[in-house]
>>> print(open('model29.csv').read())   # CSV, C-alpha atoms
chain,number,residue,atom,x,y,z
A,236,MET,CA,-52.2,12.0,-14.3
A,237,SER,CA,-52.7,12.7,-18.0
A,238,PRO,CA,-52.6,16.0,-19.8
A,239,SER,CA,-56.4,16.1,-20.1
A,240,HIS,CA,-56.5,16.8,-16.3
A,241,CYS,CA,-57.0,20.2,-14.7
A,242,VAL,CA,-54.3,21.3,-12.3
A,243,LEU,CA,-54.4,24.2,-9.8
A,244,VAL,CA,-51.1,25.9,-9.3
A,245,THR,CA,-50.8,28.2,-6.2
A,246,GLY,CA,-48.1,30.8,-6.5
A,247,GLY,CA,-47.9,30.2,-10.2
A,248,ALA,CA,-46.7,33.7,-11.1
A,249,GLY,CA,-43.5,33.2,-9.0
A,250,TYR,CA,-40.0,32.1,-10.2
A,251,ILE,CA,-40.4,28.3,-10.0
A,252,GLY,CA,-44.2,28.5,-10.4
A,253,SER,CA,-44.1,30.3,-13.7
A,254,HIS,CA,-41.6,27.9,-15.3
A,255,THR,CA,-43.7,24.9,-14.1
A,256,VAL,CA,-46.9,26.5,-15.4
A,257,LEU,CA,-45.2,26.9,-18.8
A,258,GLN,CA,-44.2,23.2,-18.9
A,259,LEU,CA,-47.7,22.1,-17.8
A,260,LEU,CA,-49.3,24.1,-20.7
A,261,LEU,CA,-46.8,22.9,-23.3
A,262,THR,CA,-47.5,19.3,-22.1
A,263,GLY,CA,-51.3,20.0,-22.6
A,264,TYR,CA,-52.6,20.3,-19.0
A,265,LYS,CA,-55.5,22.6,-18.3
A,266,THR,CA,-53.9,24.9,-15.7
A,267,VAL,CA,-55.5,27.3,-13.3
A,268,VAL,CA,-53.1,29.7,-11.6
A,269,ILE,CA,-53.7,31.6,-8.4
A,270,ASP,CA,-51.2,34.2,-7.0
A,271,ASN,CA,-51.5,37.3,-4.7
A,272,PHE,CA,-48.6,39.0,-6.4
A,273,ASP,CA,-46.9,39.4,-3.0
A,274,ASN,CA,-43.5,38.5,-4.6
A,275,SER,CA,-44.4,38.2,-8.2
A,276,CYS,CA,-46.3,40.2,-11.0
A,277,GLN,CA,-48.8,40.0,-13.7
A,278,ILE,CA,-46.1,40.4,-16.4
A,279,ALA,CA,-44.7,36.9,-15.6
A,280,VAL,CA,-48.2,35.4,-16.3
A,281,ASN,CA,-48.5,37.4,-19.6
A,282,ARG,CA,-45.1,36.2,-20.7
A,283,VAL,CA,-45.9,32.5,-19.9
A,284,GLN,CA,-49.0,32.9,-22.1
A,285,GLU,CA,-46.9,34.3,-24.9
A,286,LEU,CA,-44.3,31.5,-24.6
A,287,ALA,CA,-47.1,28.9,-24.5
A,288,GLY,CA,-48.4,30.1,-27.9
A,289,ASP,CA,-51.6,28.2,-28.9
A,290,ARG,CA,-51.5,26.2,-25.6
A,291,ALA,CA,-52.2,29.5,-23.7
A,292,VAL,CA,-55.9,28.9,-24.1
A,293,ASN,CA,-55.6,26.3,-21.3
A,294,LEU,CA,-54.4,28.9,-18.8
A,295,ILE,CA,-56.8,30.6,-16.4
A,296,PHE,CA,-55.5,33.1,-13.9
A,297,HIS,CA,-57.1,34.4,-10.7
A,298,GLN,CA,-55.6,36.9,-8.3
A,299,ILE,CA,-56.3,35.1,-5.0
A,300,ASP,CA,-54.5,34.8,-1.7
A,301,ILE,CA,-54.5,31.2,-0.4
A,302,ARG,CA,-55.5,32.5,3.0
A,303,ASP,CA,-58.7,33.8,1.6
A,304,LYS,CA,-60.9,30.8,2.3
A,305,ALA,CA,-64.1,32.3,0.8
A,306,GLU,CA,-62.4,32.9,-2.6
A,307,LEU,CA,-60.8,29.5,-2.6
A,308,LYS,CA,-64.1,27.8,-1.9
A,309,LYS,CA,-65.7,29.7,-4.8
A,310,LEU,CA,-62.9,28.6,-7.1
A,311,PHE,CA,-63.2,24.9,-6.0
A,312,ALA,CA,-67.0,25.1,-6.4
A,313,SER,CA,-66.7,26.3,-9.9
A,314,THR,CA,-63.8,24.1,-11.2
A,315,LYS,CA,-63.1,20.4,-10.7
A,316,PHE,CA,-59.3,20.0,-10.0
A,317,ASP,CA,-57.6,16.7,-10.4
A,318,ALA,CA,-54.5,17.9,-8.4
A,319,VAL,CA,-52.8,20.9,-6.9
A,320,ILE,CA,-49.2,22.0,-7.2
A,321,HIS,CA,-48.6,24.2,-4.2
A,322,PHE,CA,-45.8,26.9,-4.5
A,323,ALA,CA,-47.5,29.8,-2.7
A,324,GLY,CA,-45.4,31.0,0.2
A,325,LEU,CA,-42.7,33.4,1.3
A,326,LYS,CA,-39.1,32.2,1.0
A,327,ALA,CA,-36.5,34.7,2.4
A,328,VAL,CA,-34.6,33.1,5.3
A,329,GLY,CA,-33.4,36.5,6.7
A,330,GLU,CA,-36.8,38.1,6.4
A,331,SER,CA,-38.4,35.1,8.2
A,332,VAL,CA,-36.1,35.7,11.2
A,333,GLN,CA,-37.2,39.4,11.3
A,334,LYS,CA,-40.9,38.6,10.6
A,335,PRO,CA,-41.7,35.1,11.9
A,336,LEU,CA,-45.5,35.8,12.3
A,337,MET,CA,-45.8,36.8,8.7
A,338,TYR,CA,-44.1,33.6,7.6
A,339,TYR,CA,-46.2,31.3,9.8
A,340,ASP,CA,-49.3,33.1,8.6
A,341,ASN,CA,-48.5,32.9,4.9
A,342,ASN,CA,-46.8,29.5,4.7
A,343,VAL,CA,-48.5,27.5,7.4
A,344,VAL,CA,-52.0,29.1,7.8
A,345,GLY,CA,-52.2,29.5,4.0
A,346,THR,CA,-51.4,25.8,3.5
A,347,LEU,CA,-53.9,24.7,6.1
A,348,THR,CA,-56.6,26.8,4.4
A,349,LEU,CA,-55.8,25.3,1.1
A,350,LEU,CA,-55.9,21.7,2.4
A,351,GLU,CA,-59.2,22.3,4.2
A,352,VAL,CA,-60.8,23.5,1.0
A,353,MET,CA,-59.2,20.7,-1.0
A,354,GLU,CA,-60.6,18.1,1.4
A,355,ALA,CA,-64.1,19.7,1.4
A,356,HIS,CA,-64.2,19.3,-2.4
A,357,GLY,CA,-62.7,15.8,-2.6
A,358,CYS,CA,-59.4,16.9,-4.2
A,359,LYS,CA,-56.8,14.8,-2.4
A,360,LYS,CA,-53.7,15.0,-4.7
A,361,ILE,CA,-51.0,17.5,-4.0
A,362,VAL,CA,-47.4,18.3,-4.9
A,363,PHE,CA,-45.8,20.6,-2.4
A,364,SER,CA,-42.9,22.9,-2.8
A,365,SER,CA,-40.7,22.0,0.2
A,366,SER,CA,-37.0,22.8,0.7
A,367,ALA,CA,-33.7,21.2,1.5
A,368,THR,CA,-33.7,23.6,4.6
A,369,VAL,CA,-35.6,20.8,6.3
A,370,TYR,CA,-32.3,18.9,6.7
A,371,GLY,CA,-30.8,21.7,8.9
A,372,TRP,CA,-27.1,21.3,8.9
A,373,PRO,CA,-26.6,17.8,7.7
A,374,LYS,CA,-23.9,15.8,9.5
A,375,VAL,CA,-23.3,13.4,6.5
A,376,LEU,CA,-23.6,13.8,2.8
A,377,PRO,CA,-25.2,13.5,0.4
A,378,CYS,CA,-28.6,14.3,2.0
A,379,THR,CA,-31.1,11.4,1.6
A,380,GLU,CA,-34.8,11.7,2.2
A,381,ASP,CA,-34.7,9.6,5.3
A,382,PHE,CA,-32.3,12.0,7.1
A,383,PRO,CA,-33.4,13.4,10.5
A,384,LEU,CA,-35.2,16.7,9.9
A,385,SER,CA,-34.6,20.0,11.6
A,386,ALA,CA,-34.8,23.6,10.5
A,387,ALA,CA,-32.5,26.5,11.3
A,388,SER,CA,-34.9,29.4,10.5
A,389,PRO,CA,-38.6,30.3,10.8
A,390,TYR,CA,-38.8,29.9,7.0
A,391,GLY,CA,-37.3,26.4,7.3
A,392,ARG,CA,-39.6,25.5,10.1
A,393,THR,CA,-42.7,26.5,8.1
A,394,LYS,CA,-41.6,24.0,5.4
A,395,LEU,CA,-41.0,21.3,8.1
A,396,MET,CA,-44.4,22.1,9.8
A,397,VAL,CA,-46.2,21.7,6.5
A,398,GLU,CA,-44.5,18.4,5.8
A,399,ASP,CA,-45.5,17.2,9.3
A,400,ILE,CA,-49.1,18.3,8.6
A,401,PHE,CA,-49.0,16.3,5.3
A,402,ARG,CA,-47.7,13.2,7.2
A,403,ASP,CA,-50.4,13.6,9.8
A,404,ILE,CA,-53.2,14.0,7.3
A,405,TYR,CA,-52.0,11.0,5.3
A,406,ALA,CA,-51.9,8.9,8.5
A,407,SER,CA,-55.5,9.8,9.2
A,408,ASP,CA,-56.7,9.3,5.6
A,409,SER,CA,-54.8,7.1,3.1
A,410,GLY,CA,-57.0,8.4,0.3
A,411,TRP,CA,-54.6,11.4,0.0
A,412,LYS,CA,-51.7,11.3,-2.4
A,413,MET,CA,-49.0,13.8,-1.3
A,414,ILE,CA,-45.6,14.4,-2.8
A,415,MET,CA,-43.2,16.9,-1.0
A,416,LEU,CA,-40.4,18.1,-3.3
A,417,ARG,CA,-37.3,19.2,-1.4
A,418,TYR,CA,-35.5,21.7,-3.6
A,419,PHE,CA,-31.9,22.4,-3.3
A,420,ASN,CA,-30.7,25.7,-4.9
A,421,PRO,CA,-32.8,26.8,-7.9
A,422,VAL,CA,-31.0,29.0,-10.5
A,423,GLY,CA,-31.1,29.8,-14.2
A,424,ALA,CA,-34.1,30.9,-16.3
A,425,HIS,CA,-36.1,29.8,-19.3
A,426,PRO,CA,-33.7,29.5,-22.4
A,427,SER,CA,-35.7,32.3,-24.1
A,428,GLY,CA,-34.6,34.8,-21.5
A,429,TYR,CA,-38.3,35.8,-21.3
A,430,ILE,CA,-39.1,34.5,-17.8
A,431,GLY,CA,-36.7,34.2,-14.8
A,432,GLU,CA,-36.2,35.1,-11.2
A,433,ASP,CA,-37.2,38.6,-10.2
A,434,PRO,CA,-36.8,38.9,-6.4
A,435,LEU,CA,-38.5,42.0,-5.0
A,436,GLY,CA,-36.1,43.8,-2.6
A,437,SER,CA,-32.8,42.3,-1.7
A,438,PRO,CA,-32.0,38.8,-3.2
A,439,ASN,CA,-31.7,35.9,-0.8
A,440,ASN,CA,-29.2,33.7,-2.6
A,441,LEU,CA,-26.1,33.7,-4.6
A,442,MET,CA,-27.1,33.8,-8.2
A,443,PRO,CA,-29.4,36.9,-8.2
A,444,PHE,CA,-26.5,38.7,-6.4
A,445,ILE,CA,-24.0,37.7,-9.1
A,446,GLN,CA,-26.6,38.8,-11.7
A,447,GLN,CA,-27.0,42.2,-10.0
A,448,VAL,CA,-23.3,42.8,-10.0
A,449,ALA,CA,-23.1,41.7,-13.7
A,450,VAL,CA,-25.7,44.2,-14.8
A,451,GLY,CA,-24.2,47.0,-12.7
A,452,LYS,CA,-26.9,47.2,-10.0
A,453,LEU,CA,-24.4,46.2,-7.3
A,454,PRO,CA,-20.7,47.1,-7.2
A,455,ALA,CA,-19.4,43.8,-5.9
A,456,LEU,CA,-20.4,40.3,-4.7
A,457,LYS,CA,-20.0,39.7,-1.0
A,458,VAL,CA,-18.5,36.3,-0.3
A,459,PHE,CA,-19.2,35.0,3.2
A,460,GLY,CA,-16.4,32.8,4.4
A,461,THR,CA,-13.3,31.7,2.5
A,462,ASP,CA,-11.9,29.5,5.2
A,463,TYR,CA,-14.2,26.4,5.0
A,464,SER,CA,-12.5,23.1,4.5
A,465,THR,CA,-13.7,22.9,0.8
A,466,LYS,CA,-11.7,22.8,-2.4
A,467,ASP,CA,-11.4,26.7,-2.5
A,468,GLY,CA,-12.5,27.6,1.0
A,469,THR,CA,-16.0,28.8,0.0
A,470,GLY,CA,-19.3,27.2,0.8
A,471,VAL,CA,-20.6,24.4,-1.5
A,472,ARG,CA,-24.2,24.0,-2.5
A,473,ASP,CA,-26.2,21.9,-4.9
A,474,TYR,CA,-27.5,24.2,-7.7
A,475,ILE,CA,-30.3,23.1,-9.9
A,476,HIS,CA,-31.6,24.6,-13.2
A,477,VAL,CA,-35.2,25.9,-12.8
A,478,SER,CA,-36.2,24.1,-16.0
A,479,ASP,CA,-35.0,20.8,-14.5
A,480,LEU,CA,-37.0,21.7,-11.4
A,481,ALA,CA,-40.1,22.4,-13.4
A,482,ASN,CA,-39.8,19.0,-15.1
A,483,GLY,CA,-39.5,17.5,-11.6
A,484,HIS,CA,-42.9,18.8,-10.8
A,485,LEU,CA,-44.4,17.2,-13.9
A,486,ALA,CA,-42.8,13.9,-13.0
A,487,ALA,CA,-44.3,14.2,-9.5
A,488,LEU,CA,-47.7,15.0,-10.9
A,489,ARG,CA,-47.6,11.9,-13.1
A,490,LYS,CA,-46.5,9.9,-10.0
A,491,LEU,CA,-49.7,10.9,-8.2
A,492,SER,CA,-51.6,8.5,-10.4
A,493,ASP,CA,-49.5,5.6,-9.1
A,494,PRO,CA,-51.8,3.5,-6.8
A,495,GLU,CA,-48.8,2.8,-4.6
A,496,ILE,CA,-48.0,6.4,-3.8
A,497,GLY,CA,-49.0,7.8,-0.4
A,498,CYS,CA,-47.1,10.6,1.3
A,499,GLU,CA,-43.5,10.8,-0.1
A,500,ALA,CA,-40.6,13.2,0.0
A,501,TYR,CA,-38.2,13.6,-2.9
A,502,ASN,CA,-35.0,15.6,-3.3
A,503,LEU,CA,-34.6,17.7,-6.4
A,504,GLY,CA,-31.0,18.6,-7.0
A,505,THR,CA,-28.1,17.5,-9.2
A,506,GLY,CA,-26.3,15.4,-6.6
A,507,LYS,CA,-23.2,17.6,-7.1
A,508,GLY,CA,-21.8,20.4,-5.1
A,509,THR,CA,-20.5,23.7,-6.6
A,510,SER,CA,-18.6,26.3,-4.6
A,511,VAL,CA,-19.3,30.0,-4.6
A,512,LEU,CA,-16.1,30.7,-6.5
A,513,GLU,CA,-16.8,28.0,-9.1
A,514,MET,CA,-20.2,29.6,-9.7
A,515,VAL,CA,-18.6,33.0,-10.1
A,516,ALA,CA,-16.0,31.7,-12.5
A,517,ALA,CA,-18.7,29.9,-14.6
A,518,PHE,CA,-20.8,33.1,-14.7
A,519,GLU,CA,-17.8,35.3,-15.7
A,520,LYS,CA,-17.0,32.8,-18.5
A,521,VAL,CA,-20.5,32.9,-20.1
A,522,SER,CA,-21.2,36.6,-19.5
A,523,GLY,CA,-17.7,38.0,-20.3
A,524,LYS,CA,-18.2,40.2,-17.2
A,525,LYS,CA,-15.8,40.5,-14.3
A,526,ILE,CA,-17.5,40.0,-10.9
A,527,PRO,CA,-15.6,42.0,-8.3
A,528,LEU,CA,-15.6,40.2,-4.9
A,529,VAL,CA,-15.6,41.5,-1.3
A,530,ILE,CA,-14.4,38.9,1.1
A,531,SER,CA,-16.4,38.8,4.3
A,532,GLY,CA,-16.5,36.5,7.4
A,533,ARG,CA,-18.7,33.5,7.6
A,534,ARG,CA,-22.4,34.1,8.2
A,535,PRO,CA,-23.7,32.6,11.4
A,536,GLY,CA,-25.8,29.5,10.6
A,537,ASP,CA,-24.4,28.9,7.1
A,538,ALA,CA,-23.5,25.2,6.5
A,539,GLU,CA,-20.2,24.4,4.9
A,540,VAL,CA,-21.3,21.8,2.3
A,541,VAL,CA,-24.8,20.7,1.3
A,542,TYR,CA,-25.8,18.5,-1.7
A,543,ALA,CA,-28.5,16.1,-2.5
A,544,SER,CA,-28.8,12.4,-3.1
A,545,THR,CA,-31.1,12.2,-6.1
A,546,ALA,CA,-31.3,8.4,-6.3
A,547,LYS,CA,-34.9,8.2,-5.0
A,548,ALA,CA,-36.3,10.7,-7.6
A,549,GLU,CA,-34.3,9.0,-10.4
A,550,ARG,CA,-35.8,5.6,-9.4
A,551,ASP,CA,-39.4,6.5,-8.5
A,552,LEU,CA,-40.1,9.6,-10.6
A,553,ASN,CA,-37.9,8.7,-13.6
A,554,TRP,CA,-36.5,12.2,-13.3
A,555,LYS,CA,-32.9,13.5,-13.4
A,556,ALA,CA,-31.4,17.0,-13.7
A,557,GLU,CA,-30.0,17.5,-17.2
A,558,ASN,CA,-28.3,20.9,-16.9
A,559,GLY,CA,-24.9,21.7,-15.5
A,560,ILE,CA,-23.6,25.1,-14.1
A,561,GLU,CA,-22.6,26.3,-17.6
A,562,GLU,CA,-26.2,26.1,-18.7
A,563,MET,CA,-27.5,27.6,-15.5
A,564,CYS,CA,-25.1,30.6,-15.9
A,565,ARG,CA,-25.8,30.9,-19.6
A,566,ASP,CA,-29.6,31.1,-19.1
A,567,GLN,CA,-29.3,33.3,-16.0
A,568,TRP,CA,-27.2,35.8,-18.0
A,569,ASN,CA,-29.5,35.6,-21.0
A,570,TRP,CA,-32.4,36.6,-18.7
A,571,ALA,CA,-30.4,39.2,-16.8
A,572,SER,CA,-29.0,40.9,-19.9
A,573,LYS,CA,-32.5,41.1,-21.5
A,574,ASN,CA,-34.2,42.1,-18.2
A,575,PRO,CA,-31.6,44.0,-16.1
A,576,TYR,CA,-34.5,45.3,-13.9
A,577,GLY,CA,-36.5,42.1,-13.9
A,578,TYR,CA,-40.0,42.3,-15.2
A,579,GLN,CA,-40.3,46.0,-14.5
A,580,SER,CA,-38.6,48.5,-16.8
A,581,LYS,CA,-36.1,50.8,-15.0
>>> encode(input="model29.csv", output="structure tokens")
Amino acid sequence: MSPSHCVLVTGGAGYIGSHTVLQLLLTGYKTVVIDNFDNSCQIAVNRVQELAGDRAVNLIFHQIDIRDKAELKKLFASTKFDAVIHFAGLKAVGESVQKPLMYYDNNVVGTLTLLEVMEAHGCKKIVFSSSATVYGWPKVLPCTEDFPLSAASPYGRTKLMVEDIFRDIYASDSGWKMIMLRYFNPVGAHPSGYIGEDPLGSPNNLMPFIQQVAVGKLPALKVFGTDYSTKDGTGVRDYIHVSDLANGHLAALRKLSDPEIGCEAYNLGTGKGTSVLEMVAAFEKVSGKKIPLVISGRRPGDAEVVYASTAKAERDLNWKAENGIEEMCRDQWNWASKNPYGYQSK
């Protein structure tokens, strides 16, 4: 897949989507973005255009919901896409437990609609934003792509269902080329501090909580469980810089041109675990801010330690994460200090 190609990015105004769109533009791809602004905003798109400079001429944006089949058909009828990078979906684990119907509708029905329209227009190359949640609570570490799959929440099950749909489609028609990227824990922001994560409502993961404490939006960080059998008693996760993740999508996109590729899953992580307290210490160091902690009991369903094996992505995609937790915290703080209220002013 060369930069002269045209790529459709669903959910391209979101956190990982916006960083990937910027990389696509800087590499020279023609990029069409669709987003319904359910958990994102127009400002993110505008800022990506500014960061892209002269390359912004290759970006077209449409406000479309992927469940809107009529609008998708119109888009595919008017533009020939070489491939799709599919981010669009809801991603809050807790919310998915409260509102499973909303998650199945958005994430599963939305993906089915997209795939039907792609097939009807002969576009059979897709990179899908999956998740390490498909490993459930892994019994052994690191997680490799051939682990048994299970999910512990409706959100996780939507990702697993979509992966199963991909595998079934490929089994029925080997003309498809499908790559499923299982992200571990995305953090950080573009080094400019101009685009970053802006969760609407309550954040779902550690870093945005640390960030909100640092900018004074929250009084303290709640730490769930300090009695795990880890180096400091707190849970361990594999955090990955969003810029490394964006580059992983470009590597996957290039891989779609490989005649050997069929339907494959790849982990995107660093292959290293970082504990909650290590992440807090690293953030305090780069920001100069004290992060007060409130120690709480374990959350039901939280795994003790999860990290990726990245050997397959390194071998097949020629991709490796380059940023450590210092860079993740530095770029997160740069974004947070410049945008304490996210994309909206106070």
>>> atom_distance(input="model29.csv", atom1="CA of Ala279 (chain A)", atom2="CA of Ile251 (chain A)")
11.1 Å
>>> atom_distance(input="model29.csv", atom1="CA of Leu512 (chain A)", atom2="CA of Ala538 (chain A)")
15.9 Å
>>> residues_around(input="model29.csv", residues="Asn440 (chain A)", least_positions_apart="3", cutoff="9 Å", atoms="all atoms listed in the file", output="list in words")
Ala327, Asn420, Pro443 and Phe444 of chain A
>>> closest_atom_pairs(input="model29.csv", of="region 322-419 of chain A", to="region 545-569 of chain A", cutoff="10 Å", atoms="all atoms listed in the file", output="Markdown table")
| residue | atom | partner | partner_atom | distance |
| --- | --- | --- | --- | --- |
| A:Pro377 | CA | A:Thr545 | CA | 8.9 |
| A:Cys378 | CA | A:Thr545 | CA | 8.7 |
| A:Thr379 | CA | A:Thr545 | CA | 7.7 |
| A:Glu380 | CA | A:Lys547 | CA | 8.0 |
| A:Leu416 | CA | A:Ala548 | CA | 9.5 |
>>> residues_around(input="model29.csv", residues="region 356-361 of chain A", least_positions_apart="4", cutoff="7 Å", atoms="all atoms listed in the file", output="list of chain:residue names")
A:Phe311, A:Phe316, A:Asp317, A:Ala318, A:Val319, A:Ile320, A:Val352, A:Gly410, A:Trp411, A:Lys412, A:Met413, A:Ile414, A:Leu491
>>> atom_distance(input="model29.csv", atom1="CA of Gly470 (chain A)", atom2="CA of Val529 (chain A)")
14.9 Å
>>> residues_around(input="model29.csv", residues="Ile430 (chain A)", least_positions_apart="3", cutoff="12 Å", atoms="only C-alpha atoms", output="ChimeraX atom specification")
/A:248-257,275-287,423-427,433,477-478,566-571,573-574,577-578
>>> closest_residue(input="model29.csv", among="A:Ala323, A:Val242, A:Ile475, A:Val422", to="Asn502 (chain A)", atoms="only C-alpha atoms")
A:Ile475
>>> closest_residue(input="model29.csv", among="A:Leu336, A:Ala291, A:Leu260, A:Ile269", to="Asp303 (chain A)", atoms="all atoms listed in the file")
A:Ile269
>>> residues_around(input="model29.csv", residues="Phe419 (chain A)", least_positions_apart="2", cutoff="8 Å", atoms="all atoms listed in the file", output="PyMOL selection string")
chain A and resi 366-367+417+421+472-475+502-504+542-543
>>> residues_near_point(input="model29.csv", point="(-35.1, 26.3, 9.7)", cutoff="9 Å", atoms="all atoms listed in the file", output="list in words")
Val328, Thr368, Val369, Tyr370, Gly371, Ser385, Ala386, Ala387, Ser388, Pro389, Tyr390, Gly391, Arg392, Thr393, Lys394 and Leu395 of chain A
>>> closest_residue(input="model29.csv", among="A:Ser572, A:Thr509, A:Asn482, A:Gln333", to="Val521 (chain A)", atoms="all atoms listed in the file")
A:Ser572
>>> closest_residue(input="model29.csv", among="A:Lys326, A:Arg534, A:Lys520, A:Arg489", to="Val458 (chain A)", atoms="all atoms listed in the file")
A:Arg534
>>> residues_around(input="model29.csv", residues="Phe459 (chain A)", least_positions_apart="4", cutoff="12 Å", atoms="only C-alpha atoms", output="PDB file with C-alpha atoms, in the frame of the given file")
ATOM      1  CA  ASN A 440     -29.200  33.700  -2.600  1.00  0.00           C
ATOM      2  CA  LEU A 441     -26.100  33.700  -4.600  1.00  0.00           C
ATOM      3  CA  TYR A 463     -14.200  26.400   5.000  1.00  0.00           C
ATOM      4  CA  GLY A 468     -12.500  27.600   1.000  1.00  0.00           C
ATOM      5  CA  THR A 469     -16.000  28.800   0.000  1.00  0.00           C
ATOM      6  CA  GLY A 470     -19.300  27.200   0.800  1.00  0.00           C
ATOM      7  CA  VAL A 471     -20.600  24.400  -1.500  1.00  0.00           C
ATOM      8  CA  SER A 510     -18.600  26.300  -4.600  1.00  0.00           C
ATOM      9  CA  VAL A 511     -19.300  30.000  -4.600  1.00  0.00           C
ATOM     10  CA  LEU A 512     -16.100  30.700  -6.500  1.00  0.00           C
ATOM     11  CA  LEU A 528     -15.600  40.200  -4.900  1.00  0.00           C
ATOM     12  CA  VAL A 529     -15.600  41.500  -1.300  1.00  0.00           C
ATOM     13  CA  ILE A 530     -14.400  38.900   1.100  1.00  0.00           C
ATOM     14  CA  SER A 531     -16.400  38.800   4.300  1.00  0.00           C
ATOM     15  CA  GLY A 532     -16.500  36.500   7.400  1.00  0.00           C
ATOM     16  CA  ARG A 533     -18.700  33.500   7.600  1.00  0.00           C
ATOM     17  CA  ARG A 534     -22.400  34.100   8.200  1.00  0.00           C
ATOM     18  CA  PRO A 535     -23.700  32.600  11.400  1.00  0.00           C
ATOM     19  CA  GLY A 536     -25.800  29.500  10.600  1.00  0.00           C
ATOM     20  CA  ASP A 537     -24.400  28.900   7.100  1.00  0.00           C
ATOM     21  CA  ALA A 538     -23.500  25.200   6.500  1.00  0.00           C
ATOM     22  CA  GLU A 539     -20.200  24.400   4.900  1.00  0.00           C
TER      23      GLU A 539
END
>>> decode(input="model29.csv", residues="region 478-512 of chain A", atoms="C-alpha atoms", output="PDB file, in the first residue's frame")
ATOM      1  CA  SER A 478       2.524   7.857  18.370  1.00  0.00           C
ATOM      2  CA  ASP A 479       3.954   4.320  18.348  1.00  0.00           C
ATOM      3  CA  LEU A 480       0.403   3.011  17.986  1.00  0.00           C
ATOM      4  CA  ALA A 481      -0.234   5.337  15.022  1.00  0.00           C
ATOM      5  CA  ASN A 482       2.935   4.051  13.346  1.00  0.00           C
ATOM      6  CA  GLY A 483       1.703   0.503  13.980  1.00  0.00           C
ATOM      7  CA  HIS A 484      -1.364   1.274  11.843  1.00  0.00           C
ATOM      8  CA  LEU A 485       0.800   2.523   8.993  1.00  0.00           C
ATOM      9  CA  ALA A 486       2.889  -0.648   9.236  1.00  0.00           C
ATOM     10  CA  ALA A 487      -0.315  -2.737   9.108  1.00  0.00           C
ATOM     11  CA  LEU A 488      -1.574  -0.744   6.129  1.00  0.00           C
ATOM     12  CA  ARG A 489       1.664  -1.476   4.233  1.00  0.00           C
ATOM     13  CA  LYS A 490       1.314  -5.152   5.180  1.00  0.00           C
ATOM     14  CA  LEU A 491      -2.077  -5.324   3.428  1.00  0.00           C
ATOM     15  CA  SER A 492      -0.153  -5.236   0.105  1.00  0.00           C
ATOM     16  CA  ASP A 493       1.628  -8.486   1.014  1.00  0.00           C
ATOM     17  CA  PRO A 494       0.153 -11.275  -1.173  1.00  0.00           C
ATOM     18  CA  GLU A 495       0.668 -13.669   1.763  1.00  0.00           C
ATOM     19  CA  ILE A 496      -1.487 -11.719   4.242  1.00  0.00           C
ATOM     20  CA  GLY A 497      -4.962 -13.098   4.986  1.00  0.00           C
ATOM     21  CA  CYS A 498      -6.690 -12.475   8.309  1.00  0.00           C
ATOM     22  CA  GLU A 499      -4.110 -11.821  11.034  1.00  0.00           C
ATOM     23  CA  ALA A 500      -4.006 -10.448  14.583  1.00  0.00           C
ATOM     24  CA  TYR A 501      -1.071  -8.460  15.962  1.00  0.00           C
ATOM     25  CA  ASN A 502      -0.362  -7.180  19.460  1.00  0.00           C
ATOM     26  CA  LEU A 503       0.668  -3.546  19.725  1.00  0.00           C
ATOM     27  CA  GLY A 504       2.394  -2.945  23.045  1.00  0.00           C
ATOM     28  CA  THR A 505       5.905  -2.460  24.385  1.00  0.00           C
ATOM     29  CA  GLY A 506       6.317  -5.976  25.774  1.00  0.00           C
ATOM     30  CA  LYS A 507       7.017  -4.466  29.217  1.00  0.00           C
ATOM     31  CA  GLY A 508       4.765  -4.056  32.234  1.00  0.00           C
ATOM     32  CA  THR A 509       4.563  -0.841  34.289  1.00  0.00           C
ATOM     33  CA  SER A 510       2.807  -0.664  37.653  1.00  0.00           C
ATOM     34  CA  VAL A 511       0.339   2.043  38.687  1.00  0.00           C
ATOM     35  CA  LEU A 512       2.822   3.496  41.196  1.00  0.00           C
TER      36      LEU A 512
END
